[in-house]
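Participant: Pasting a structure here, questions to come.
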Amino acid sequence: MPAKTQMTEKLLLLVLDGCRYDIAMEQMGVLNHYVDYKQAQLIKVLAEMPSSSRALDEVLATGVPSYRNGILANADIRLSKERSLFDLVKTAGGITAAAAHYWQSELFNQAPYEMKRDRIQHDPQKGIQHGIFYNDNQYPDSHVFADGHFLLRTYQPHLLLIQARNIAETGHRYTSNSKEYRQSVSQADQLIGVYLQDWLAAGYQVLVTASHGMDEYGLHGGSTAAQREVPLYIFSDIFPPDCGIEKMNQLEVAPLICSLLKIDTSERMQIGRS
């Protein structure tokens, strides 16, 4: 085990499940305002397949494709066997936290999830050391943001995951062609406007992305652009300005986070599809 070092960088990863790239471009005025003024960068990310939630939760946190990590279906309830971003931050001497859907707890802390035991977790031995996990897919995004902000202020984690699911749930119910879906994307953008300045002032690099998109039938999991193309907004003084990168593969997100946190990647993380 490498000697622990004190981390200096901090990063907040905000995952908006179900947020399509094109609809983010249309509806996310707060985030796109920062891009227009060159205070943030926007990259189109091609999500891995299967473009389903649990599989891509695993991909985003490990950088390992599904055929290698073994998590291919939402019904596959078990701990990840990979070294996740949470593990890598702990190894580097950092603190981890998440306000997220309970599948994150099942992947990186303990499975299966039991609400009475696992709703709130504080354990320095776990991958996610400080966690507030919800199991109701209707849990309001406003509450998830507030939970995450509490974890940030209370524990100052070096890696904080906030995962909101209202966009995906609205897309499943009304499809991505609906007024309701666009309203949900806009509402998430407005919530970001409430918190973003506080997060940046606290010294956090902020990445905003989605695990997957949503199609006109209210589905994801497959191969279409609507299901796979998602945004990645980057607020960071470390990431090169005007980098010229317009597109990237989702496998590259975890190594990018390691680079921004100035920690080592895992041996099994992949860059692109090599």
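Chain labels A, B, ... are given in the sequence in which chains occur in the structure tokens; within each chain residues are numbered consecutively from 1, and ligands are likewise numbered from 1 in the order shown.
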Let's see if you can do this: from backbone DSSP, list all alpha helix (DSSP H) residues in stretch 34-228 of chain A, as an MDAnalysis selection string.

Facilitator: chainID A and resid 34:36 53:62 66:69 85:91 102:108 115:118 141:155 166:174 179:201 225:228

Participant: Check the DSSP output for the backbone and give back, as a ChimeraX atom specification, the residues of stretch 198-240 of chain A in strand (DSSP E or B).

Facilitator: /A:204-209,229-235

Participant: Could you write out that same residue set with all heavy atoms as a compact mmCIF listing (two decimals), in the first residue's frame?

Facilitator:
# COMPACT_ATOMS: atom_id res chain seq x y z
N TYR A 204 -13.76 24.18 -4.57
CA TYR A 204 -14.05 22.94 -5.30
C TYR A 204 -14.00 23.15 -6.80
O TYR A 204 -14.53 24.14 -7.32
CB TYR A 204 -15.44 22.41 -4.92
CG TYR A 204 -15.42 21.66 -3.61
CD1 TYR A 204 -15.49 22.35 -2.40
CD2 TYR A 204 -15.30 20.27 -3.58
CE1 TYR A 204 -15.44 21.68 -1.19
CE2 TYR A 204 -15.26 19.59 -2.37
CZ TYR A 204 -15.32 20.30 -1.18
OH TYR A 204 -15.27 19.64 0.01
N GLN A 205 -13.32 22.24 -7.49
CA GLN A 205 -13.55 22.08 -8.91
C GLN A 205 -14.91 21.39 -9.04
O GLN A 205 -15.24 20.51 -8.24
CB GLN A 205 -12.46 21.22 -9.53
CG GLN A 205 -11.06 21.76 -9.32
CD GLN A 205 -10.02 20.78 -9.78
OE1 GLN A 205 -9.74 20.69 -10.96
NE2 GLN A 205 -9.42 20.05 -8.84
N VAL A 206 -15.68 21.78 -10.04
CA VAL A 206 -17.03 21.24 -10.20
C VAL A 206 -17.17 20.66 -11.59
O VAL A 206 -16.89 21.34 -12.59
CB VAL A 206 -18.10 22.32 -9.95
CG1 VAL A 206 -19.50 21.75 -10.20
CG2 VAL A 206 -18.00 22.87 -8.53
N LEU A 207 -17.59 19.39 -11.66
CA LEU A 207 -17.92 18.73 -12.92
C LEU A 207 -19.39 18.37 -12.89
O LEU A 207 -19.87 17.78 -11.91
CB LEU A 207 -17.09 17.45 -13.11
CG LEU A 207 -15.72 17.59 -13.80
CD1 LEU A 207 -14.82 18.53 -13.03
CD2 LEU A 207 -15.07 16.23 -13.97
N VAL A 208 -20.11 18.74 -13.94
CA VAL A 208 -21.53 18.43 -14.07
C VAL A 208 -21.70 17.55 -15.30
O VAL A 208 -21.33 17.95 -16.41
CB VAL A 208 -22.39 19.70 -14.21
CG1 VAL A 208 -23.87 19.33 -14.28
CG2 VAL A 208 -22.13 20.66 -13.05
N THR A 209 -22.27 16.37 -15.11
CA THR A 209 -22.47 15.46 -16.23
C THR A 209 -23.72 14.62 -15.98
O THR A 209 -24.50 14.90 -15.07
CB THR A 209 -21.22 14.57 -16.44
OG1 THR A 209 -21.36 13.86 -17.68
CG2 THR A 209 -21.01 13.59 -15.30
N GLU A 229 -25.57 10.45 -25.60
CA GLU A 229 -24.84 11.72 -25.62
C GLU A 229 -25.27 12.60 -24.44
O GLU A 229 -26.44 12.96 -24.31
CB GLU A 229 -25.07 12.45 -26.94
CG GLU A 229 -24.41 11.76 -28.11
CD GLU A 229 -24.60 12.51 -29.42
OE1 GLU A 229 -25.34 13.51 -29.44
OE2 GLU A 229 -24.00 12.07 -30.42
N VAL A 230 -24.30 12.92 -23.58
CA VAL A 230 -24.58 13.69 -22.36
C VAL A 230 -23.55 14.81 -22.25
O VAL A 230 -22.46 14.75 -22.83
CB VAL A 230 -24.53 12.79 -21.11
CG1 VAL A 230 -25.61 11.71 -21.18
CG2 VAL A 230 -23.15 12.17 -20.91
N PRO A 231 -23.86 15.85 -21.47
CA PRO A 231 -22.91 16.96 -21.32
C PRO A 231 -21.88 16.70 -20.23
O PRO A 231 -22.10 15.89 -19.32
CB PRO A 231 -23.82 18.12 -20.92
CG PRO A 231 -24.93 17.46 -20.14
CD PRO A 231 -25.14 16.12 -20.82
N LEU A 232 -20.76 17.39 -20.33
CA LEU A 232 -19.79 17.47 -19.25
C LEU A 232 -19.35 18.92 -19.14
O LEU A 232 -18.63 19.42 -20.02
CB LEU A 232 -18.58 16.56 -19.50
CG LEU A 232 -17.43 16.69 -18.48
CD1 LEU A 232 -17.89 16.31 -17.08
CD2 LEU A 232 -16.23 15.86 -18.91
N TYR A 233 -19.81 19.61 -18.11
CA TYR A 233 -19.40 20.98 -17.82
C TYR A 233 -18.26 20.92 -16.81
O TYR A 233 -18.36 20.23 -15.79
CB TYR A 233 -20.56 21.78 -17.24
CG TYR A 233 -21.71 22.02 -18.20
CD1 TYR A 233 -22.78 21.13 -18.29
CD2 TYR A 233 -21.73 23.15 -19.01
CE1 TYR A 233 -23.83 21.36 -19.16
CE2 TYR A 233 -22.78 23.39 -19.88
CZ TYR A 233 -23.83 22.49 -19.95
OH TYR A 233 -24.88 22.72 -20.82
N ILE A 234 -17.19 21.65 -17.08
CA ILE A 234 -15.99 21.60 -16.24
C ILE A 234 -15.66 22.99 -15.72
O ILE A 234 -15.42 23.91 -16.51
CB ILE A 234 -14.78 21.04 -17.02
CG1 ILE A 234 -15.09 19.63 -17.55
CG2 ILE A 234 -13.53 21.02 -16.14
CD1 ILE A 234 -14.01 19.07 -18.46
N PHE A 235 -15.67 23.13 -14.40
CA PHE A 235 -15.22 24.34 -13.73
C PHE A 235 -13.93 23.99 -12.99
O PHE A 235 -13.96 23.30 -11.97
CB PHE A 235 -16.27 24.83 -12.72
CG PHE A 235 -17.57 25.26 -13.31
CD1 PHE A 235 -18.52 24.32 -13.71
CD2 PHE A 235 -17.86 26.61 -13.48
CE1 PHE A 235 -19.74 24.72 -14.25
CE2 PHE A 235 -19.07 27.01 -14.02
CZ PHE A 235 -20.01 26.07 -14.41

Participant: Show me, as a tab-separated table, the residues of stretch 142-255 of chain A having an atom within 10 Å of stretch 126-132 of chain A, each with the closest atom pair and its distance in Å, using only C-alpha atoms.

Facilitator:
residue	atom	partner	partner_atom	distance
A:Val144	CA	A:Ile132	CA	8.6
A:Asp147	CA	A:Ile132	CA	6.9
A:Gly148	CA	A:Ile132	CA	8.0
A:Phe150	CA	A:Ile132	CA	9.9
A:Leu151	CA	A:His130	CA	7.4
A:Leu152	CA	A:His130	CA	10.0
A:Thr154	CA	A:His130	CA	9.9
A:Tyr155	CA	A:His130	CA	8.0
A:Pro157	CA	A:His130	CA	8.6
A:Leu159	CA	A:Ile128	CA	9.3
A:Leu160	CA	A:Ile128	CA	9.1
A:Leu161	CA	A:Ile128	CA	9.3
A:Ile162	CA	A:Ile132	CA	9.7

Participant: If you keep N, CA and C atoms, can you produce a file of those selected residues as an mmCIF file, in the first residue's frame?

Facilitator:
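The resulting file, out.cif, is shown below:
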data_model
loop_
_atom_site.group_PDB
_atom_site.id
_atom_site.type_symbol
_atom_site.label_atom_id
_atom_site.label_comp_id
_atom_site.auth_asym_id
_atom_site.auth_seq_id
_atom_site.Cartn_x
_atom_site.Cartn_y
_atom_site.Cartn_z
ATOM 1 N N VAL A 144 -31.628 16.552 -2.595
ATOM 2 C CA VAL A 144 -30.316 15.953 -2.862
ATOM 3 C C VAL A 144 -29.233 17.034 -2.848
ATOM 4 N N ASP A 147 -28.654 17.980 0.723
ATOM 5 C CA ASP A 147 -27.888 16.927 1.398
ATOM 6 C C ASP A 147 -26.405 17.039 1.046
ATOM 7 N N GLY A 148 -26.121 17.205 -0.245
ATOM 8 C CA GLY A 148 -24.736 17.306 -0.676
ATOM 9 C C GLY A 148 -24.054 18.539 -0.114
ATOM 10 N N PHE A 150 -24.740 20.021 2.656
ATOM 11 C CA PHE A 150 -24.473 19.735 4.076
ATOM 12 C C PHE A 150 -23.189 18.925 4.229
ATOM 13 N N LEU A 151 -23.023 17.894 3.419
ATOM 14 C CA LEU A 151 -21.801 17.077 3.489
ATOM 15 C C LEU A 151 -20.568 17.916 3.168
ATOM 16 N N LEU A 152 -20.684 18.803 2.198
ATOM 17 C CA LEU A 152 -19.551 19.659 1.837
ATOM 18 C C LEU A 152 -19.155 20.552 3.004
ATOM 19 N N THR A 154 -19.881 20.236 6.188
ATOM 20 C CA THR A 154 -19.593 19.546 7.441
ATOM 21 C C THR A 154 -18.276 18.787 7.394
ATOM 22 N N TYR A 155 -17.978 18.137 6.274
ATOM 23 C CA TYR A 155 -16.818 17.233 6.216
ATOM 24 C C TYR A 155 -15.722 17.688 5.260
ATOM 25 N N PRO A 157 -15.121 17.168 2.101
ATOM 26 C CA PRO A 157 -14.525 16.012 1.423
ATOM 27 C C PRO A 157 -13.687 16.453 0.223
ATOM 28 N N LEU A 159 -13.445 14.468 -2.437
ATOM 29 C CA LEU A 159 -14.316 14.049 -3.538
ATOM 30 C C LEU A 159 -15.738 13.953 -3.007
ATOM 31 N N LEU A 160 -16.635 14.733 -3.606
ATOM 32 C CA LEU A 160 -18.046 14.718 -3.234
ATOM 33 C C LEU A 160 -18.864 14.408 -4.473
ATOM 34 N N LEU A 161 -19.677 13.366 -4.395
ATOM 35 C CA LEU A 161 -20.623 13.019 -5.448
ATOM 36 C C LEU A 161 -22.020 13.477 -5.039
ATOM 37 N N ILE A 162 -22.677 14.214 -5.919
ATOM 38 C CA ILE A 162 -24.102 14.518 -5.766
ATOM 39 C C ILE A 162 -24.798 13.951 -6.989
#

Participant: Rank A:Gln190, A:Ser236, A:Gln163, A:Thr62 by their smallest atom-to-atom distance to A:Pro255, using only C-alpha atoms, and report the top residue only.

Facilitator: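 Selected residue with least distance to A:Pro255: A:Thr62.
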
Participant: Closest to A:Ala100 among A:Leu88, A:Ala164, A:Leu13, A:Cys258, using only C-alpha atoms?

Facilitator: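 Once distances to A:Ala100 are computed over only C-alpha atoms, the minimum belongs to A:Ala164.
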
Participant: Could you check the closest approach to A:Ser184 for each of A:Cys19, A:Tyr217, A:Asn74, A:Leu14 and tell me which residue wins, using only C-alpha atoms?

Facilitator: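 Residue with the minimum atom-to-atom distance to A:Ser184: A:Cys19.
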
Participant: Could you give me, as number ranges by chain, the residues within 9 Å of A:Leu60, counting only C-alpha atoms and dropping anything in the same chain fewer than 2 positions from it?

Facilitator: A: 55-58, 62-64, 84-85, 211, 250-254

Participant: Next, dump the selected residues to file, keeping only all heavy atoms, as a tab-separated table (two decimals), in the first residue's frame.

Facilitator:
chain	number	residue	atom	x	y	z
A	55	ALA	N	-25.07	0.31	-14.38
A	55	ALA	CA	-23.87	0.03	-15.16
A	55	ALA	C	-23.02	1.29	-15.32
A	55	ALA	O	-21.78	1.25	-15.20
A	55	ALA	CB	-24.25	-0.53	-16.52
A	56	LEU	N	-23.67	2.43	-15.56
A	56	LEU	CA	-22.90	3.65	-15.80
A	56	LEU	C	-22.50	4.34	-14.50
A	56	LEU	O	-21.51	5.09	-14.49
A	56	LEU	CB	-23.69	4.58	-16.71
A	56	LEU	CG	-23.94	3.98	-18.10
A	56	LEU	CD1	-24.58	5.00	-19.03
A	56	LEU	CD2	-22.66	3.43	-18.73
A	57	ASP	N	-23.20	4.08	-13.40
A	57	ASP	CA	-22.67	4.49	-12.09
A	57	ASP	C	-21.30	3.86	-11.86
A	57	ASP	O	-20.36	4.50	-11.39
A	57	ASP	CB	-23.62	4.05	-10.96
A	57	ASP	CG	-24.90	4.87	-10.90
A	57	ASP	OD1	-24.98	5.91	-11.57
A	57	ASP	OD2	-25.83	4.44	-10.19
A	58	GLU	N	-21.21	2.59	-12.22
A	58	GLU	CA	-19.95	1.85	-12.07
A	58	GLU	C	-18.87	2.41	-13.01
A	58	GLU	O	-17.73	2.62	-12.61
A	58	GLU	CB	-20.19	0.37	-12.36
A	58	GLU	CG	-18.95	-0.49	-12.51
A	58	GLU	CD	-18.32	-0.91	-11.18
A	58	GLU	OE1	-18.87	-0.57	-10.12
A	58	GLU	OE2	-17.28	-1.60	-11.22
A	62	THR	N	-15.25	4.12	-11.91
A	62	THR	CA	-14.10	3.22	-12.03
A	62	THR	C	-13.32	3.38	-13.32
A	62	THR	O	-12.16	2.99	-13.38
A	62	THR	CB	-14.53	1.75	-11.91
A	62	THR	OG1	-15.32	1.39	-13.06
A	62	THR	CG2	-15.32	1.51	-10.63
A	63	GLY	N	-13.96	3.90	-14.38
A	63	GLY	CA	-13.29	3.98	-15.66
A	63	GLY	C	-13.04	2.64	-16.30
A	63	GLY	O	-12.19	2.52	-17.19
A	64	VAL	N	-13.79	1.62	-15.91
A	64	VAL	CA	-13.63	0.27	-16.45
A	64	VAL	C	-14.90	-0.11	-17.21
A	64	VAL	O	-16.00	0.01	-16.66
A	64	VAL	CB	-13.37	-0.75	-15.31
A	64	VAL	CG1	-13.23	-2.16	-15.87
A	64	VAL	CG2	-12.14	-0.35	-14.52
A	84	SER	N	-12.44	2.09	-7.13
A	84	SER	CA	-13.21	3.24	-7.57
A	84	SER	C	-12.48	4.54	-7.24
A	84	SER	O	-11.45	4.55	-6.54
A	84	SER	CB	-14.57	3.25	-6.87
A	84	SER	OG	-14.41	3.57	-5.49
A	85	LEU	N	-13.01	5.64	-7.73
A	85	LEU	CA	-12.49	6.96	-7.37
A	85	LEU	C	-12.47	7.15	-5.86
A	85	LEU	O	-11.55	7.76	-5.32
A	85	LEU	CB	-13.34	8.05	-8.02
A	85	LEU	CG	-13.23	8.18	-9.54
A	85	LEU	CD1	-14.35	9.08	-10.06
A	85	LEU	CD2	-11.87	8.72	-9.95
A	211	SER	N	-25.17	10.30	-16.29
A	211	SER	CA	-24.78	8.92	-16.53
A	211	SER	C	-25.25	8.46	-17.91
A	211	SER	O	-24.55	7.73	-18.62
A	211	SER	CB	-25.35	8.00	-15.45
A	211	SER	OG	-26.74	8.22	-15.31
A	250	GLN	N	-17.01	8.29	-22.21
A	250	GLN	CA	-17.29	8.28	-20.77
A	250	GLN	C	-16.21	7.58	-19.96
A	250	GLN	O	-16.01	7.90	-18.78
A	250	GLN	CB	-18.65	7.63	-20.53
A	250	GLN	CG	-19.25	7.90	-19.16
A	250	GLN	CD	-20.68	7.41	-19.08
A	250	GLN	OE1	-20.98	6.28	-19.47
A	250	GLN	NE2	-21.56	8.26	-18.61
A	251	LEU	N	-15.50	6.63	-20.57
A	251	LEU	CA	-14.41	5.97	-19.87
A	251	LEU	C	-13.32	6.95	-19.45
A	251	LEU	O	-12.53	6.66	-18.54
A	251	LEU	CB	-13.80	4.87	-20.74
A	251	LEU	CG	-14.65	3.61	-20.95
A	251	LEU	CD1	-13.99	2.72	-21.99
A	251	LEU	CD2	-14.87	2.86	-19.65
A	252	GLU	N	-13.24	8.08	-20.11
A	252	GLU	CA	-12.20	9.06	-19.83
A	252	GLU	C	-12.53	9.95	-18.64
A	252	GLU	O	-11.66	10.70	-18.17
A	252	GLU	CB	-11.96	9.92	-21.06
A	252	GLU	CG	-11.46	9.14	-22.26
A	252	GLU	CD	-11.35	9.99	-23.50
A	252	GLU	OE1	-12.40	10.25	-24.13
A	252	GLU	OE2	-10.22	10.39	-23.84
A	253	VAL	N	-13.76	9.90	-18.14
A	253	VAL	CA	-14.15	10.80	-17.06
A	253	VAL	C	-13.42	10.47	-15.76
A	253	VAL	O	-12.90	11.36	-15.08
A	253	VAL	CB	-15.68	10.78	-16.86
A	253	VAL	CG1	-16.07	11.63	-15.65
A	253	VAL	CG2	-16.38	11.31	-18.12
A	254	ALA	N	-13.36	9.21	-15.39
A	254	ALA	CA	-12.69	8.84	-14.13
A	254	ALA	C	-11.21	9.20	-14.16
A	254	ALA	O	-10.70	9.80	-13.19
A	254	ALA	CB	-12.89	7.35	-13.83

Participant: Considering only C-alpha atoms, can you say which of A:Ser142, A:Thr175, A:Thr170, A:Ser186 comes closest to A:Gln27?

Facilitator: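 Of A:Ser142, A:Thr175, A:Thr170, A:Ser186, the one nearest A:Gln27 is A:Ser186, counting only C-alpha atoms.
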
Participant: Just to confirm, what's the straight-line distance from atom CA of A:Lys81 to atom CA of A:Asp264 in Å (one decimal)?

Facilitator: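 Computed distance, atom CA of A:Lys81 to atom CA of A:Asp264, equals 18.1 Å.
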
Participant: If we count only C-alpha atoms and set the cut-off at 8 Å, which residues sit around A:Leu79, ignoring sequence neighbours fewer than 2 positions away in its own chain? Please answer as a compact mmCIF listing (two decimals) with N, CA and C atoms, in the first residue's frame.

Facilitator:
# COMPACT_ATOMS: atom_id res chain seq x y z
N ILE A 77 -27.26 -6.77 -8.13
CA ILE A 77 -27.06 -6.10 -6.83
C ILE A 77 -25.86 -6.72 -6.14
N LYS A 81 -16.16 -4.77 -7.89
CA LYS A 81 -14.89 -5.43 -7.63
C LYS A 81 -13.70 -4.58 -8.08
N GLU A 106 -24.70 0.47 -2.70
CA GLU A 106 -24.58 -0.95 -2.99
C GLU A 106 -23.31 -1.26 -3.80
N LEU A 107 -22.91 -0.34 -4.66
CA LEU A 107 -21.70 -0.57 -5.46
C LEU A 107 -20.43 -0.38 -4.65
N PHE A 108 -20.40 0.62 -3.76
CA PHE A 108 -19.12 1.03 -3.19
C PHE A 108 -19.05 0.95 -1.66
N ASN A 109 -20.17 0.61 -0.99
CA ASN A 109 -20.12 0.45 0.47
C ASN A 109 -20.58 -0.92 0.93
N GLN A 110 -21.84 -1.24 0.73
CA GLN A 110 -22.33 -2.56 1.15
C GLN A 110 -23.64 -2.87 0.42
N ALA A 111 -23.84 -4.16 0.13
CA ALA A 111 -25.02 -4.60 -0.59
C ALA A 111 -25.59 -5.84 0.07

Participant: I'd like the neighbourhood of A:Thr8 as an MDAnalysis selection string, where a residue qualifies if any of its atoms comes within 12 Å (using only C-alpha atoms), though same-chain residues fewer than 2 positions away should be ignored.

Facilitator: chainID A and resid 5:6 10:11 89 92:95 156:159 203:205 260:263

Participant: Which residues come within 8 Å of stretch 113-116 of chain A, counting only C-alpha atoms, excluding same-chain residues fewer than 3 positions away, as an MDAnalysis selection string?

Facilitator: chainID A and resid 102:103 105:106 110 119 135

Participant: Export N, CA, C and O atoms of the chosen residues as a compact mmCIF listing (two decimals), in the first residue's frame?

Facilitator:
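Below is the file that was written, again03.txt:
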# COMPACT_ATOMS: atom_id res chain seq x y z
N TYR A 102 -29.30 5.06 -3.83
CA TYR A 102 -28.78 3.97 -2.99
C TYR A 102 -27.94 2.97 -3.76
O TYR A 102 -27.16 2.22 -3.16
N TRP A 103 -28.04 2.95 -5.09
CA TRP A 103 -27.18 2.04 -5.85
C TRP A 103 -25.70 2.38 -5.66
O TRP A 103 -24.84 1.50 -5.75
N SER A 105 -24.38 3.25 -2.84
CA SER A 105 -24.03 2.55 -1.61
C SER A 105 -23.82 1.06 -1.87
O SER A 105 -22.88 0.45 -1.36
N GLU A 106 -24.70 0.47 -2.70
CA GLU A 106 -24.58 -0.95 -2.99
C GLU A 106 -23.31 -1.26 -3.80
O GLU A 106 -22.71 -2.32 -3.63
N GLN A 110 -21.84 -1.24 0.73
CA GLN A 110 -22.33 -2.56 1.15
C GLN A 110 -23.64 -2.87 0.42
O GLN A 110 -24.42 -1.98 0.12
N ARG A 119 -29.33 4.45 5.18
CA ARG A 119 -29.77 5.77 4.70
C ARG A 119 -28.69 6.84 4.94
O ARG A 119 -28.35 7.61 4.04
N ASN A 135 -33.61 6.03 -1.46
CA ASN A 135 -34.08 4.88 -2.24
C ASN A 135 -35.39 5.15 -2.94
O ASN A 135 -35.92 4.28 -3.62
